[in-house]
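Trainee: Would you mind keeping the following structure in view while I ask a few things?
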Amino acid sequence: MIDRVITAAADILLALPRLVLLLVGVALWQPGVPTILAVLVVTGWMGVARLVRAEVRAVRQRPYVPAAQALGATQARVLLRHVLPNAIGPALVATTLGVGNAILLESGLSFLGLAFSRRRRVGEHIASGRDLLVVAPWVSLAPGIALVITVLATTVLGDAWRDRLAGERGGMSYRV
C-alpha cells in the first residue's frame, strides 16, 4: 500500500512542470534560497524514487535475498543488509544528476533576471557579458565554463561514489 501511495504521488508530481512551480513559489512566498530549495526538493525526488523502486524490485529477485530469508534473516535485516546496499548506486548517480540540473535551473533563472538573492549568481554573470560577446567574450565565457565544470564535477562525483561503494561491497552483499 505504501508503495502504491508513493508511486501515485510521484506520478502526480511528475505531471507538474518544475519551472512553473518554481516561478509560482517565488511569486507566492518570499524569494530566496529556502523557497528555491523547497520547490526543487518537492519537484525533484520523484525520478530518484521511481529509480530506487525499480532497483529494489530487481535486487529482491536476486538469489541471495531468498537465501538470506531461508537462513532466518528478518525482512528488515534483508532490506538493510542486502537490498538497499545493492540498490543505492543508481540512486546516487540520479541524485547527483539532479543536483546538476538544479544548478542549471537556478543559473538559467538568474540569467533571465529572476535572481532569488542579492548576491550575483552565475547566470547573471553570463548575462552581463551578453552585449560584449564580440569584443570581450571572456566576460560570459568564464562563468559559463565555471558552470559547466561545476555540473560536470557533481556528476563525476556521483559516479565515483557509486563505484567506490560497489568496490567496498565487492559488487554484491552475501552477509546474513
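Naming works like this for the C-alpha cells: A, B, ... for the chains as they're shown, residue 1 at the start of each chain, ligands 1 onward in shown order.
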Do you know which residues are at most 12 Å from A:Arg18 counting only C-alpha atoms, after dropping those on the same chain fewer than 4 positions away, and could you put them as a PyMOL selection string?
Mentor: chain A and resi 13-14+22-25+36+38-46+101-102+105-106
Trainee: Would you write out those residues with all heavy atoms, as a tab-separated table (two decimals), in the first residue's frame?
Mentor:
chain	number	residue	atom	x	y	z
A	13	LEU	N	3.17	14.34	-9.25
A	13	LEU	CA	4.14	15.43	-9.24
A	13	LEU	C	4.97	15.47	-10.51
A	13	LEU	O	5.43	16.54	-10.92
A	13	LEU	CB	5.03	15.33	-8.01
A	13	LEU	CG	4.33	15.68	-6.70
A	13	LEU	CD1	5.23	15.40	-5.52
A	13	LEU	CD2	3.89	17.14	-6.70
A	14	LEU	N	5.19	14.32	-11.16
A	14	LEU	CA	5.92	14.32	-12.43
A	14	LEU	C	5.14	15.03	-13.53
A	14	LEU	O	5.72	15.50	-14.50
A	14	LEU	CB	6.25	12.89	-12.85
A	14	LEU	CG	7.48	12.27	-12.19
A	14	LEU	CD1	7.56	10.79	-12.50
A	14	LEU	CD2	8.75	12.98	-12.62
A	22	LEU	N	8.37	26.52	-9.67
A	22	LEU	CA	9.38	27.40	-9.10
A	22	LEU	C	8.96	28.86	-9.22
A	22	LEU	O	9.08	29.63	-8.26
A	22	LEU	CB	10.73	27.16	-9.79
A	22	LEU	CG	11.93	27.89	-9.21
A	22	LEU	CD1	12.15	27.47	-7.76
A	22	LEU	CD2	13.16	27.58	-10.02
A	23	LEU	N	8.46	29.24	-10.37
A	23	LEU	CA	8.00	30.63	-10.56
A	23	LEU	C	6.79	30.95	-9.68
A	23	LEU	O	6.70	32.04	-9.11
A	23	LEU	CB	7.68	30.87	-12.03
A	23	LEU	CG	8.88	30.83	-12.98
A	23	LEU	CD1	8.42	30.93	-14.42
A	23	LEU	CD2	9.87	31.91	-12.64
A	24	VAL	N	5.87	30.00	-9.53
A	24	VAL	CA	4.72	30.20	-8.65
A	24	VAL	C	5.18	30.31	-7.19
A	24	VAL	O	4.70	31.17	-6.45
A	24	VAL	CB	3.69	29.05	-8.81
A	24	VAL	CG1	2.65	29.05	-7.70
A	24	VAL	CG2	3.02	29.15	-10.17
A	25	GLY	N	6.13	29.46	-6.79
A	25	GLY	CA	6.65	29.53	-5.43
A	25	GLY	C	7.29	30.86	-5.13
A	25	GLY	O	7.09	31.44	-4.04
A	36	ILE	N	13.61	28.34	-3.20
A	36	ILE	CA	14.16	27.56	-4.31
A	36	ILE	C	14.39	26.12	-3.87
A	36	ILE	O	14.00	25.17	-4.56
A	36	ILE	CB	15.49	28.16	-4.81
A	36	ILE	CG1	15.24	29.53	-5.43
A	36	ILE	CG2	16.15	27.25	-5.83
A	36	ILE	CD1	16.52	30.26	-5.76
A	38	ALA	N	13.02	24.47	-1.41
A	38	ALA	CA	11.75	23.77	-1.15
A	38	ALA	C	11.11	23.28	-2.44
A	38	ALA	O	10.70	22.13	-2.55
A	38	ALA	CB	10.79	24.69	-0.39
A	39	VAL	N	11.05	24.14	-3.45
A	39	VAL	CA	10.44	23.74	-4.72
A	39	VAL	C	11.28	22.67	-5.41
A	39	VAL	O	10.74	21.70	-5.96
A	39	VAL	CB	10.22	24.96	-5.64
A	39	VAL	CG1	9.77	24.53	-7.03
A	39	VAL	CG2	9.20	25.91	-5.02
A	40	LEU	N	12.60	22.81	-5.37
A	40	LEU	CA	13.46	21.82	-6.01
A	40	LEU	C	13.35	20.46	-5.33
A	40	LEU	O	13.35	19.42	-5.99
A	40	LEU	CB	14.92	22.29	-6.03
A	40	LEU	CG	15.21	23.46	-6.98
A	40	LEU	CD1	16.66	23.90	-6.83
A	40	LEU	CD2	14.88	23.13	-8.41
A	41	VAL	N	13.24	20.46	-4.00
A	41	VAL	CA	13.09	19.19	-3.28
A	41	VAL	C	11.73	18.57	-3.57
A	41	VAL	O	11.62	17.37	-3.84
A	41	VAL	CB	13.30	19.39	-1.76
A	41	VAL	CG1	12.84	18.19	-0.97
A	41	VAL	CG2	14.77	19.67	-1.47
A	42	VAL	N	10.68	19.39	-3.52
A	42	VAL	CA	9.33	18.87	-3.74
A	42	VAL	C	9.18	18.33	-5.16
A	42	VAL	O	8.49	17.34	-5.38
A	42	VAL	CB	8.27	19.97	-3.46
A	42	VAL	CG1	6.91	19.60	-4.00
A	42	VAL	CG2	8.20	20.23	-1.97
A	43	THR	N	9.85	18.94	-6.12
A	43	THR	CA	9.70	18.51	-7.52
A	43	THR	C	10.85	17.64	-8.02
A	43	THR	O	10.81	17.22	-9.17
A	43	THR	CB	9.59	19.73	-8.44
A	43	THR	OG1	10.79	20.51	-8.35
A	43	THR	CG2	8.39	20.58	-8.10
A	44	GLY	N	11.83	17.35	-7.18
A	44	GLY	CA	12.99	16.63	-7.67
A	44	GLY	C	13.16	15.21	-7.19
A	44	GLY	O	14.02	14.48	-7.67
A	45	TRP	N	12.35	14.75	-6.26
A	45	TRP	CA	12.55	13.43	-5.67
A	45	TRP	C	11.91	12.31	-6.47
A	45	TRP	O	12.25	11.14	-6.31
A	45	TRP	CB	12.01	13.41	-4.23
A	45	TRP	CG	10.53	13.61	-4.15
A	45	TRP	CD1	9.87	14.79	-4.02
A	45	TRP	CD2	9.51	12.59	-4.19
A	45	TRP	NE1	8.52	14.58	-3.98
A	45	TRP	CE2	8.26	13.24	-4.08
A	45	TRP	CE3	9.54	11.21	-4.30
A	45	TRP	CZ2	7.06	12.55	-4.10
A	45	TRP	CZ3	8.33	10.52	-4.31
A	45	TRP	CH2	7.12	11.19	-4.21
A	46	MET	N	10.97	12.64	-7.36
A	46	MET	CA	10.17	11.59	-7.99
A	46	MET	C	10.98	10.67	-8.89
A	46	MET	O	10.80	9.45	-8.86
A	46	MET	CB	9.03	12.21	-8.82
A	46	MET	CG	8.05	13.00	-8.01
A	46	MET	SD	8.56	14.71	-7.82
A	46	MET	CE	8.73	15.31	-9.46
A	101	ASN	N	21.20	19.38	-12.48
A	101	ASN	CA	20.03	20.00	-13.11
A	101	ASN	C	19.51	21.18	-12.30
A	101	ASN	O	19.09	22.19	-12.87
A	101	ASN	CB	18.92	18.97	-13.30
A	101	ASN	CG	19.22	18.02	-14.42
A	101	ASN	OD1	19.98	18.33	-15.33
A	101	ASN	ND2	18.64	16.84	-14.37
A	102	ALA	N	19.53	21.07	-10.97
A	102	ALA	CA	19.08	22.17	-10.12
A	102	ALA	C	20.01	23.37	-10.26
A	102	ALA	O	19.54	24.52	-10.32
A	102	ALA	CB	19.03	21.71	-8.66
A	105	LEU	N	19.16	24.94	-13.57
A	105	LEU	CA	17.87	25.62	-13.49
A	105	LEU	C	18.01	26.97	-12.80
A	105	LEU	O	17.52	27.99	-13.29
A	105	LEU	CB	16.85	24.75	-12.77
A	105	LEU	CG	15.46	25.34	-12.59
A	105	LEU	CD1	14.81	25.59	-13.94
A	105	LEU	CD2	14.60	24.43	-11.75
A	106	GLU	N	18.69	26.99	-11.68
A	106	GLU	CA	18.87	28.25	-10.95
A	106	GLU	C	19.70	29.23	-11.78
A	106	GLU	O	19.39	30.43	-11.82
A	106	GLU	CB	19.55	27.97	-9.60
A	106	GLU	CG	19.48	29.12	-8.62
A	106	GLU	CD	20.52	30.19	-8.87
A	106	GLU	OE1	21.61	29.87	-9.40
A	106	GLU	OE2	20.24	31.36	-8.55
Trainee: Quick one: residues within 12 Å of A:Arg121, only C-alpha atoms counted, chain neighbours fewer than 4 positions away excluded, as a list of chain:residue names?
Mentor: A:Val33, A:Ile103, A:Leu104, A:Leu105, A:Glu106, A:Ser107, A:Gly108, A:Leu109, A:Ser110, A:Phe111, A:Leu112, A:Gly113, A:Leu114, A:Ala115, A:Phe116, A:Ser117, A:His125, A:Ile126, A:Ala127, A:Ser128, A:Pro143, A:Gly144, A:Ala146, A:Leu147
Trainee: Would you mind exporting C-alpha atoms of the selected residues as a short mmCIF file (atom, residue, chain, number, x, y, z; two decimals), in the first residue's frame?
Mentor:
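Okay, this is what ended up in result39.cif:
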data_model
loop_
_atom_site.label_atom_id
_atom_site.label_comp_id
_atom_site.auth_asym_id
_atom_site.auth_seq_id
_atom_site.Cartn_x
_atom_site.Cartn_y
_atom_site.Cartn_z
CA VAL A 33 17.25 30.21 -1.28
CA ILE A 103 22.27 24.22 -10.55
CA LEU A 104 21.49 24.69 -14.25
CA LEU A 105 17.87 25.62 -13.49
CA GLU A 106 18.87 28.25 -10.95
CA SER A 107 21.53 29.63 -13.31
CA GLY A 108 19.02 29.82 -16.13
CA LEU A 109 16.55 31.70 -13.97
CA SER A 110 19.21 34.16 -12.82
CA PHE A 111 20.27 34.59 -16.47
CA LEU A 112 16.70 35.67 -17.20
CA GLY A 113 16.84 38.17 -14.35
CA LEU A 114 14.91 36.11 -11.82
CA ALA A 115 17.68 36.00 -9.22
CA PHE A 116 16.48 35.00 -5.79
CA SER A 117 19.05 36.75 -3.64
CA HIS A 125 27.42 36.98 -14.74
CA ILE A 126 26.82 35.21 -18.04
CA ALA A 127 24.01 37.64 -18.91
CA SER A 128 26.15 40.68 -18.08
CA PRO A 143 31.33 31.98 -15.72
CA GLY A 144 29.88 29.65 -18.36
CA ALA A 146 32.76 27.50 -14.36
CA LEU A 147 29.11 26.43 -14.53
#
Trainee: Please measure the separation of atom CA of A:Arg81 and atom CA of A:Pro63, giving the value in Å to one decimal.
Mentor: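 The value is 14.2 Å.
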Trainee: Would you kindly return, as a PyMOL selection string, each protein, DNA or RNA residue with an atom no farther than 10 Å from any atom of stretch 1-7 of chain A, considering only C-alpha atoms and excluding same-chain residues fewer than 4 positions away?
Mentor: chain A and resi 11-13+46+49-50+53
Trainee: Go ahead and save the picked residues with all heavy atoms, as an mmCIF file, in the first residue's frame.
Mentor:
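Below is the file that was written, selection-v4.cif:
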data_model
loop_
_atom_site.group_PDB
_atom_site.id
_atom_site.type_symbol
_atom_site.label_atom_id
_atom_site.label_comp_id
_atom_site.auth_asym_id
_atom_site.auth_seq_id
_atom_site.Cartn_x
_atom_site.Cartn_y
_atom_site.Cartn_z
ATOM 1 N N ASP A 11 3.877 10.051 -9.598
ATOM 2 C CA ASP A 11 3.275 10.226 -10.922
ATOM 3 C C ASP A 11 2.547 11.567 -11.034
ATOM 4 O O ASP A 11 2.642 12.246 -12.057
ATOM 5 C CB ASP A 11 2.305 9.084 -11.221
ATOM 6 C CG ASP A 11 3.021 7.769 -11.477
ATOM 7 O OD1 ASP A 11 4.236 7.799 -11.763
ATOM 8 O OD2 ASP A 11 2.365 6.714 -11.377
ATOM 9 N N ILE A 12 1.850 11.948 -9.980
ATOM 10 C CA ILE A 12 1.132 13.226 -9.995
ATOM 11 C C ILE A 12 2.119 14.385 -10.070
ATOM 12 O O ILE A 12 1.955 15.318 -10.874
ATOM 13 C CB ILE A 12 0.225 13.356 -8.751
ATOM 14 C CG1 ILE A 12 -0.942 12.379 -8.869
ATOM 15 C CG2 ILE A 12 -0.287 14.788 -8.588
ATOM 16 C CD1 ILE A 12 -1.729 12.218 -7.578
ATOM 17 N N LEU A 13 3.165 14.337 -9.249
ATOM 18 C CA LEU A 13 4.136 15.428 -9.240
ATOM 19 C C LEU A 13 4.973 15.473 -10.512
ATOM 20 O O LEU A 13 5.430 16.542 -10.916
ATOM 21 C CB LEU A 13 5.029 15.332 -8.007
ATOM 22 C CG LEU A 13 4.331 15.678 -6.697
ATOM 23 C CD1 LEU A 13 5.230 15.399 -5.515
ATOM 24 C CD2 LEU A 13 3.891 17.137 -6.700
ATOM 25 N N MET A 46 10.970 12.636 -7.356
ATOM 26 C CA MET A 46 10.169 11.595 -7.995
ATOM 27 C C MET A 46 10.981 10.665 -8.894
ATOM 28 O O MET A 46 10.801 9.454 -8.858
ATOM 29 C CB MET A 46 9.028 12.210 -8.819
ATOM 30 C CG MET A 46 8.055 13.004 -8.010
ATOM 31 S SD MET A 46 8.556 14.705 -7.822
ATOM 32 C CE MET A 46 8.727 15.314 -9.456
ATOM 33 N N ALA A 49 12.999 8.395 -6.730
ATOM 34 C CA ALA A 49 12.134 7.424 -6.051
ATOM 35 C C ALA A 49 11.717 6.301 -6.993
ATOM 36 O O ALA A 49 11.730 5.123 -6.614
ATOM 37 C CB ALA A 49 10.901 8.121 -5.484
ATOM 38 N N ARG A 50 11.361 6.641 -8.208
ATOM 39 C CA ARG A 50 10.970 5.609 -9.168
ATOM 40 C C ARG A 50 12.153 4.718 -9.526
ATOM 41 O O ARG A 50 12.002 3.508 -9.687
ATOM 42 C CB ARG A 50 10.364 6.252 -10.409
ATOM 43 C CG ARG A 50 9.008 6.882 -10.118
ATOM 44 C CD ARG A 50 8.414 7.538 -11.339
ATOM 45 N NE ARG A 50 8.164 6.578 -12.402
ATOM 46 C CZ ARG A 50 7.021 5.944 -12.577
ATOM 47 N NH1 ARG A 50 6.022 6.159 -11.751
ATOM 48 N NH2 ARG A 50 6.865 5.102 -13.576
ATOM 49 N N ARG A 53 12.802 2.416 -6.557
ATOM 50 C CA ARG A 53 11.757 1.380 -6.516
ATOM 51 C C ARG A 53 12.044 0.272 -7.520
ATOM 52 O O ARG A 53 11.975 -0.915 -7.197
ATOM 53 C CB ARG A 53 10.400 2.021 -6.821
ATOM 54 C CG ARG A 53 9.258 1.029 -6.856
ATOM 55 C CD ARG A 53 7.946 1.739 -7.215
ATOM 56 N NE ARG A 53 6.839 0.810 -7.211
ATOM 57 C CZ ARG A 53 6.400 0.173 -8.283
ATOM 58 N NH1 ARG A 53 6.980 0.368 -9.454
ATOM 59 N NH2 ARG A 53 5.391 -0.663 -8.201
#
Trainee: Tell me, in Å to one decimal, how far atom CA of A:Val56 is from atom CA of A:Thr96.
Mentor: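 Spanning atom CA of A:Val56 to atom CA of A:Thr96 is a straight-line distance of 19.2 Å.
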Trainee: Looking at only C-alpha atoms, which of A:Pro34, A:Gly89, A:Gly129, A:Pro17 is the one that sits closest to A:Arg162?
Mentor: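 Looking at the shortest contact to A:Arg162, the residue is A:Gly89.
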Trainee: Atom CA of A:Pro90 to atom CA of A:Gly158: how many Å, to one decimal?
Mentor: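 Distance between the two atoms: 9.2 Å.
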Trainee: Give me, as a PyMOL selection string, all polymer residues having an atom no more than 12 Å from A:Ile88, counting only C-alpha atoms and skipping those fewer than 2 positions away in the same chain.
Mentor: chain A and resi 48-49+51-56+59+79-86+90-95+158-159+161-166+169+171-172
Trainee: Please report, as an MDAnalysis selection string, each residue of chain A to which DSSP assigns alpha helix (DSSP H) when run on this structure's backbone.
Mentor: chainID A and resid 2:14 18:28 33:59 64:70 75:78 84:111 122:128 138:169
